[in-house]
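Source file: final36.txt. Holds: compact mmCIF, C-alpha atoms and all ligand atoms.
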# COMPACT_ATOMS: atom_id res chain seq x y z
CA MET A 22 0.00 0.00 0.00
CA SER A 23 1.42 3.36 -0.89
CA LYS A 24 1.33 6.20 1.58
CA SER A 25 2.13 9.83 1.08
CA LYS A 26 5.35 11.04 2.61
CA LEU A 27 5.35 13.61 5.41
CA ILE A 28 7.72 16.55 5.65
CA ALA A 29 7.46 18.26 9.03
CA GLY A 30 9.35 21.37 10.06
CA ASN A 31 10.41 21.66 13.68
CA TRP A 32 11.11 25.33 14.33
CA LYS A 33 12.26 24.56 17.89
CA MET A 34 12.62 27.79 19.95
CA ASN A 35 13.53 29.92 16.96
CA ALA A 36 12.20 32.93 15.06
CA SER A 37 9.85 35.68 16.14
CA LEU A 38 6.15 36.14 15.54
CA GLU A 39 6.93 38.40 12.60
CA GLY A 40 9.60 36.05 11.23
CA SER A 41 7.28 33.06 11.57
CA ALA A 42 4.53 34.87 9.68
CA ALA A 43 6.96 35.61 6.85
CA LEU A 44 8.19 32.01 6.83
CA VAL A 45 4.66 30.59 6.60
CA ARG A 46 3.77 33.08 3.87
CA GLY A 47 6.88 32.11 1.91
CA VAL A 48 6.10 28.40 2.18
CA LEU A 49 2.43 28.82 1.25
CA ASP A 50 3.36 31.01 -1.72
CA GLY A 51 5.84 28.39 -2.90
CA LEU A 52 3.33 25.57 -2.53
CA ALA A 53 0.72 27.54 -4.43
CA GLN A 54 3.12 27.50 -7.41
CA ALA A 55 3.95 23.81 -7.08
CA GLN A 56 1.45 21.61 -5.23
CA PRO A 57 3.25 19.25 -2.85
CA ALA A 58 3.16 15.53 -3.57
CA CYS A 59 3.48 14.88 0.16
CA ASP A 60 1.88 15.96 3.44
CA VAL A 61 3.51 19.00 5.03
CA ALA A 62 3.46 20.19 8.64
CA MET A 63 4.98 23.11 10.49
CA CYS A 64 5.57 22.59 14.22
CA ALA A 65 5.64 25.97 15.96
CA PRO A 66 6.42 27.04 19.52
CA ALA A 67 3.27 26.83 21.70
CA PRO A 68 2.63 30.59 21.98
CA TYR A 69 2.50 30.87 18.19
CA LEU A 70 -0.06 28.13 17.63
CA ALA A 71 -3.04 30.49 17.62
CA ALA A 72 -1.36 32.66 15.01
CA LEU A 73 -0.29 29.60 13.02
CA GLN A 74 -3.89 28.42 12.89
CA GLY A 75 -4.85 31.77 11.38
CA TRP A 76 -1.98 31.81 8.87
CA LEU A 77 -2.87 28.30 7.69
CA ALA A 78 -6.64 28.84 7.58
CA GLY A 79 -8.41 28.22 4.28
CA GLN A 80 -5.73 25.98 2.75
CA SER A 81 -4.85 22.33 3.09
CA ALA A 82 -1.26 22.08 1.84
CA VAL A 83 0.30 22.68 5.27
CA GLN A 84 -1.01 21.38 8.59
CA PRO A 85 -0.24 22.96 11.96
CA GLY A 86 1.90 21.07 14.45
CA ALA A 87 3.15 21.47 18.02
CA GLN A 88 6.50 20.49 19.55
CA ASP A 89 5.43 18.92 22.82
CA VAL A 90 2.34 17.96 24.84
CA SER A 91 1.67 17.25 28.49
CA ALA A 92 1.32 13.66 29.64
CA HIS A 93 -1.58 14.84 31.81
CA ALA A 94 -5.14 15.57 30.69
CA SER A 95 -5.58 18.67 32.86
CA GLY A 96 -4.89 19.98 36.34
CA ALA A 97 -2.19 21.59 38.44
CA TYR A 98 0.73 21.29 36.04
CA THR A 99 2.10 24.82 35.75
CA GLY A 100 3.54 25.61 32.36
CA GLU A 101 2.22 22.48 30.67
CA VAL A 102 -0.02 22.43 27.60
CA SER A 103 -2.62 19.69 27.25
CA ALA A 104 -3.49 17.79 24.08
CA ASP A 105 -7.05 19.18 24.21
CA MET A 106 -5.65 22.72 24.30
CA LEU A 107 -3.53 21.95 21.23
CA ARG A 108 -6.58 20.57 19.47
CA ASP A 109 -8.49 23.78 20.28
CA PHE A 110 -5.95 25.55 18.06
CA GLY A 111 -6.32 23.15 15.17
CA VAL A 112 -3.09 21.25 15.82
CA ARG A 113 -2.89 18.08 13.69
CA TYR A 114 0.59 16.80 14.56
CA CYS A 115 2.64 16.94 17.74
CA ILE A 116 6.30 16.06 18.15
CA VAL A 117 6.75 13.82 21.18
CA GLY A 118 9.97 12.71 22.87
CA HIS A 119 12.36 14.84 20.84
CA SER A 120 15.93 14.14 21.94
CA GLU A 121 16.17 17.71 23.24
CA ARG A 122 13.24 16.96 25.57
CA ARG A 123 14.80 13.65 26.60
CA GLN A 124 18.23 15.23 27.08
CA TYR A 125 17.45 18.60 28.70
CA HIS A 126 14.14 17.86 30.40
CA GLY A 127 14.71 14.31 31.58
CA GLU A 128 11.91 12.76 29.55
CA THR A 129 11.86 9.01 29.97
CA ASP A 130 10.60 6.36 27.56
CA GLU A 131 7.54 5.92 29.79
CA LEU A 132 6.74 9.64 29.79
CA VAL A 133 7.10 9.76 26.01
CA ALA A 134 4.71 6.81 25.74
CA ALA A 135 2.17 8.59 27.99
CA LYS A 136 2.43 11.80 25.94
CA THR A 137 1.88 9.78 22.78
CA GLN A 138 -1.28 8.34 24.30
CA ARG A 139 -2.58 11.81 25.23
CA ALA A 140 -2.02 13.13 21.73
CA LEU A 141 -3.78 10.14 20.17
CA ALA A 142 -6.74 10.48 22.54
CA ALA A 143 -7.16 14.08 21.37
CA GLY A 144 -7.06 13.07 17.71
CA ILE A 145 -3.60 14.56 17.18
CA THR A 146 -0.99 12.53 15.29
CA PRO A 147 2.10 12.15 17.46
CA ILE A 148 5.49 12.27 15.77
CA VAL A 149 7.43 10.08 18.19
CA CYS A 150 11.18 10.66 18.11
CA VAL A 151 13.76 7.97 18.76
CA GLY A 152 17.49 8.06 18.27
CA GLU A 153 20.88 7.16 19.72
CA THR A 154 23.65 9.41 21.01
CA LEU A 155 27.13 9.30 19.52
CA ALA A 156 28.39 7.27 22.49
CA GLU A 157 25.59 4.76 22.01
CA ARG A 158 26.36 4.47 18.30
CA ASP A 159 30.10 4.11 18.93
CA GLY A 160 29.30 1.43 21.50
CA GLY A 161 27.31 -0.51 18.91
CA HIS A 162 24.01 0.04 20.73
CA THR A 163 22.03 1.96 18.09
CA GLU A 164 19.35 -0.63 17.38
CA GLU A 165 19.04 -1.65 21.00
CA VAL A 166 18.42 1.99 22.02
CA VAL A 167 15.86 2.86 19.36
CA ARG A 168 14.06 -0.46 19.86
CA ARG A 169 13.82 0.19 23.59
CA GLN A 170 12.46 3.70 22.99
CA LEU A 171 9.88 2.45 20.49
CA ALA A 172 8.94 -0.59 22.60
CA ALA A 173 7.74 1.68 25.42
CA VAL A 174 5.43 3.51 23.01
CA ILE A 175 4.11 0.26 21.51
CA HIS A 176 3.56 -1.22 24.98
CA VAL A 177 1.35 1.66 26.14
CA ASN A 178 -0.45 2.34 22.87
CA GLY A 179 -1.19 -1.18 21.59
CA HIS A 180 -2.96 -1.35 18.24
CA CYS A 181 -3.17 2.49 18.13
CA ILE A 182 0.49 2.37 17.12
CA THR A 183 -0.68 2.47 13.50
CA GLU A 184 -1.86 6.07 14.09
CA VAL A 185 1.61 7.20 15.12
CA VAL A 186 4.41 8.69 13.03
CA VAL A 187 7.90 7.63 14.12
CA ALA A 188 10.93 9.87 13.55
CA TYR A 189 14.42 8.40 13.68
CA GLU A 190 16.70 11.24 14.72
CA PRO A 191 20.25 10.21 15.55
CA VAL A 192 21.25 12.69 18.27
CA TRP A 193 24.72 13.12 16.75
CA ALA A 194 23.16 14.29 13.48
CA ILE A 195 20.88 16.97 14.95
CA GLY A 196 22.04 20.49 14.21
CA THR A 197 25.57 19.27 13.54
CA GLY A 198 25.59 19.15 9.75
CA LYS A 199 26.46 15.44 10.07
CA THR A 200 23.75 13.48 8.31
CA ALA A 201 23.35 9.73 8.56
CA THR A 202 24.10 8.25 5.16
CA PRO A 203 20.97 7.05 3.39
CA GLU A 204 22.13 3.45 3.83
CA LEU A 205 22.77 3.87 7.53
CA ALA A 206 19.42 5.59 8.09
CA GLN A 207 17.65 2.91 6.06
CA GLN A 208 19.24 0.19 8.18
CA VAL A 209 17.77 1.67 11.36
CA HIS A 210 14.43 2.37 9.67
CA ALA A 211 14.27 -1.26 8.56
CA ALA A 212 14.86 -2.39 12.14
CA LEU A 213 12.09 -0.08 13.37
CA ARG A 214 9.77 -1.36 10.64
CA ALA A 215 10.45 -4.94 11.66
CA GLN A 216 9.63 -4.08 15.26
CA LEU A 217 6.40 -2.39 14.19
CA ARG A 218 5.48 -5.40 12.02
CA ALA A 219 5.81 -7.63 15.04
CA ALA A 220 3.36 -5.33 16.87
CA SER A 221 0.83 -4.66 14.13
CA ASP A 222 -0.50 -6.21 10.93
CA HIS A 223 -0.67 -2.69 9.50
CA ALA A 224 2.87 -1.58 10.22
CA ASP A 225 3.54 -0.75 6.59
CA ARG A 226 1.05 2.12 6.92
CA ILE A 227 3.16 3.79 9.61
CA ARG A 228 5.32 6.64 8.40
CA LEU A 229 8.95 6.56 9.49
CA LEU A 230 10.65 9.94 9.17
CA TYR A 231 14.35 10.66 9.21
CA GLY A 232 15.62 13.75 11.03
CA GLY A 233 19.08 15.17 11.58
CA SER A 234 20.67 17.75 9.28
CA MET A 235 18.33 16.92 6.44
CA ASN A 236 18.62 19.66 3.84
CA ALA A 237 17.89 20.53 0.23
CA ALA A 238 21.05 18.77 -0.95
CA ASN A 239 20.65 15.42 0.84
CA ALA A 240 16.85 15.08 1.05
CA ALA A 241 16.28 13.24 -2.23
CA SER A 242 18.78 10.46 -1.51
CA LEU A 243 17.45 9.95 2.02
CA LEU A 244 13.83 10.02 0.89
CA SER A 245 14.47 7.44 -1.85
CA GLN A 246 15.20 4.74 0.72
CA PRO A 247 12.43 2.13 0.97
CA ASP A 248 11.65 2.69 4.66
CA ILE A 249 12.14 6.46 4.82
CA ASP A 250 8.68 7.99 4.52
CA GLY A 251 9.53 11.61 5.15
CA GLY A 252 11.61 13.99 7.18
CA LEU A 253 11.59 15.96 10.41
CA ILE A 254 13.49 19.11 9.59
CA GLY A 255 15.08 21.51 12.06
CA GLY A 256 17.41 24.22 10.74
CA ALA A 257 16.37 23.89 7.12
CA SER A 258 12.70 24.41 8.03
CA LEU A 259 13.45 28.00 9.05
CA LYS A 260 14.09 29.17 5.50
CA ALA A 261 11.17 28.93 3.09
CA ALA A 262 13.36 28.12 0.06
CA ASP A 263 15.20 25.30 1.85
CA PHE A 264 12.02 23.82 3.28
CA LEU A 265 10.29 24.01 -0.10
CA ALA A 266 13.21 22.23 -1.75
CA ILE A 267 12.89 19.36 0.73
CA VAL A 268 9.12 19.21 0.18
CA ALA A 269 9.77 19.07 -3.58
CA ALA A 270 12.14 16.14 -3.05
CA ALA A 271 9.42 14.11 -1.29
CA ARG A 272 7.32 12.28 -3.82
P1 LIG A 301 18.33 19.73 12.24
O1 LIG A 301 17.60 19.52 10.95
O2 LIG A 301 18.59 21.18 12.55
O3 LIG A 301 19.54 18.88 12.37
O4 LIG A 301 17.32 19.27 13.40
C1 LIG A 301 16.71 18.04 13.30
C2 LIG A 301 15.68 17.95 14.35
O5 LIG A 301 15.99 17.87 15.53
C3 LIG A 301 14.28 17.98 13.94
O6 LIG A 301 13.44 17.64 14.98

Go ahead and render the structure in this file as structure tokens.
Amino acid sequence: MSKSKLIAGNWKMNASLEGSAALVRGVLDGLAQAQPACDVAMCAPAPYLAALQGWLAGQSAVQPGAQDVSAHASGAYTGEVSADMLRDFGVRYCIVGHSERRQYHGETDELVAAKTQRALAAGITPIVCVGETLAERDGGHTEEVVRRQLAAVIHVNGHCITEVVVAYEPVWAIGTGKTATPELAQQVHAALRAQLRAASDHADRIRLLYGGSMNAANAASLLSQPDIDGGLIGGASLKAADFLAIVAAAR
């Protein structure tokens, strides 16, 4: 079964309200000239989600996304944003368990699994990130690490795993300009696919994104791999021309 690829931009904590408006305008203008052959999402910082909903209103080429969600439904969790709140602002995708959340905010596999569940319950597609550090890769533990991270999400979410998007983001490739070679990325994606197949009869429907220094120059070769179904783009999603070039490479 063929599925459309997904290119999602992760702005992280970058840009300004004005800069974000210009970026969205640039991307929408570009896509109006050349309709994308893939699904496209832009994952904005939480305070910009209301504005993003407005900027993206009345078109369907780009869907709004968030970068994190609370593991709790509601209550006394100062600073947290619930999945229902995200849905109130039209959010369709939500990044969950990004390595920066795992690394700087102590997010565990179990917490990531709970956040995934919250997003799914609100009808938001979670983009669940997995990936190994350089030390883990050098130690030969890549597959063991990503399998452990994914296993926690499968364990908690059961058959709903087919509604999830998985992003393989090797930590050593994020923001470093070091991209995994297409072959190396494919190898990990194939391992993740095998794990998903063992959990679900519909695993081939699940989109597996690659993330980590994906750019206009390397996108086509990464996206041509059999188990790479899209990209999660950091730095290159902050410039309309670069992001559009990656979208154009996804067909
Ligand atoms: P870069 O594309 O800047 O390496 O970031 C990747 C990433 O972390 C996307 O979530």

Contacts to ligand LIG 301 (chain A) at 9 Å cut-off (only C-alpha atoms and all ligand atoms) as an MDAnalysis selection string
chainID A and resid 29:33 88 116 119:121 150 188 190:200 231:236 252:258

Using only C-alpha atoms, can you list as a VMD selection string the residues within 7 Å of (0.2, 33.9, 9.8)?
chain A and resid 42 45 to 46 72 to 73 75 to 77

Give as a PyMOL selection string every residue, naming chains and numbers as the document does, that has an atom within 12 Å of (5.0, 2.2, 24.7), counting all atoms listed in the file.
chain A and resi 118+129-138+149+168-182+185+217+220

May I ask for the distance between CA of Asp248 (chain A) and CA of His210 (chain A), given in Å to one decimal place?
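Atom-to-atom, CA of Asp248 (chain A) and CA of His210 (chain A) are spaced 5.7 Å apart.
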
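Excluding Val90 (chain A) itself and same-chain residues fewer than 2 positions from it, the residues having an atom within 9 Å of it are A:Ala87, A:Gln88, A:Ala92, A:His93, A:Glu101, A:Val102, A:Ser103, A:Ala104, A:Leu107, A:Cys115, A:Ile116, A:Val117, A:Lys136, A:Thr137, A:Arg139, A:Ala140, counting only C-alpha atoms.
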
Grab the CA of Val151 (chain A) to CA of Ala215 (chain A) distance for me, in Å with one decimal place.
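Interatomic distance here is 15.1 Å.
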
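Put simply, CA of Pro66 (chain A) is 6.3 Å away from CA of Met34 (chain A).
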
Show me, as CSV, the residues of region 190-252 of chain A having an atom within 8 Å of region 265-269 of chain A, each with the closest atom pair and its distance in Å, using all atoms listed in the file.
residue,atom,partner,partner_atom,distance
A:Asn236,CA,A:Ile267,CA,6.5
A:Ala237,CA,A:Ile267,CA,5.2
A:Ala240,CA,A:Ile267,CA,5.8
A:Ala241,CA,A:Ile267,CA,7.6

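Proximity to Gln246 (chain A) was assessed for A:Gly96, A:Arg218, A:Val209, A:Ala71 counting only C-alpha atoms; the smallest distance is recorded for A:Val209.
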
Leu38 (chain A) proximity check over A:Val166, A:Leu52, A:Ala97, A:Ala67, using only C-alpha atoms: winner is A:Ala67

Among the residues A:Gly152, A:Glu157, A:Leu230, A:Val112, the one that comes closest to Gln74 (chain A) [using all atoms listed in the file]:
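Smallest separation from Gln74 (chain A) among the options: A:Val112.
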
Return as lines of an AutoDock Vina configuration file the centre and edge lengths, in Å with one decimal, of the box along x, y and z that encloses every atom of region 177-196 of chain A in the file, padded by 8 Å per side.
center_x = 10.8
center_y = 9.6
center_z = 19.6
size_x = 43.9
size_y = 37.8
size_z = 29.1

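Distances from A:Ala156, A:Ala62, A:Ile28, A:Ile249 to Tyr114 (chain A) were compared using all atoms listed in the file, and the smallest one belongs to A:Ala62.
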
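The closest residue to Ser41 (chain A), picked from A:Cys64, A:Val83, A:Val167, A:Leu27 and counting all atoms listed in the file, is A:Cys64.
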
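Candidate residues A:Asp60, A:Asp159, A:Asp222, A:Glu165 were compared for distance to Gly251 (chain A), and the nearest is A:Asp60, using only C-alpha atoms.
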
Could you give me, as a short mmCIF file (atom, residue, chain, number, x, y, z; two decimals) with C-alpha atoms, in the frame of the given file, the residues within 9 Å of Asp105 (chain A), counting all atoms listed in the file and dropping anything in the same chain fewer than 3 positions from it?
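Written output follows (out19.cif):
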data_model
loop_
_atom_site.label_atom_id
_atom_site.label_comp_id
_atom_site.auth_asym_id
_atom_site.auth_seq_id
_atom_site.Cartn_x
_atom_site.Cartn_y
_atom_site.Cartn_z
CA ALA A 94 -5.14 15.57 30.69
CA SER A 95 -5.58 18.67 32.86
CA VAL A 102 -0.02 22.43 27.60
CA ARG A 108 -6.58 20.57 19.47
CA ASP A 109 -8.49 23.78 20.28
CA PHE A 110 -5.95 25.55 18.06
CA ARG A 139 -2.58 11.81 25.23
CA ALA A 140 -2.02 13.13 21.73
CA ALA A 142 -6.74 10.48 22.54
CA ALA A 143 -7.16 14.08 21.37
CA GLY A 144 -7.06 13.07 17.71
#
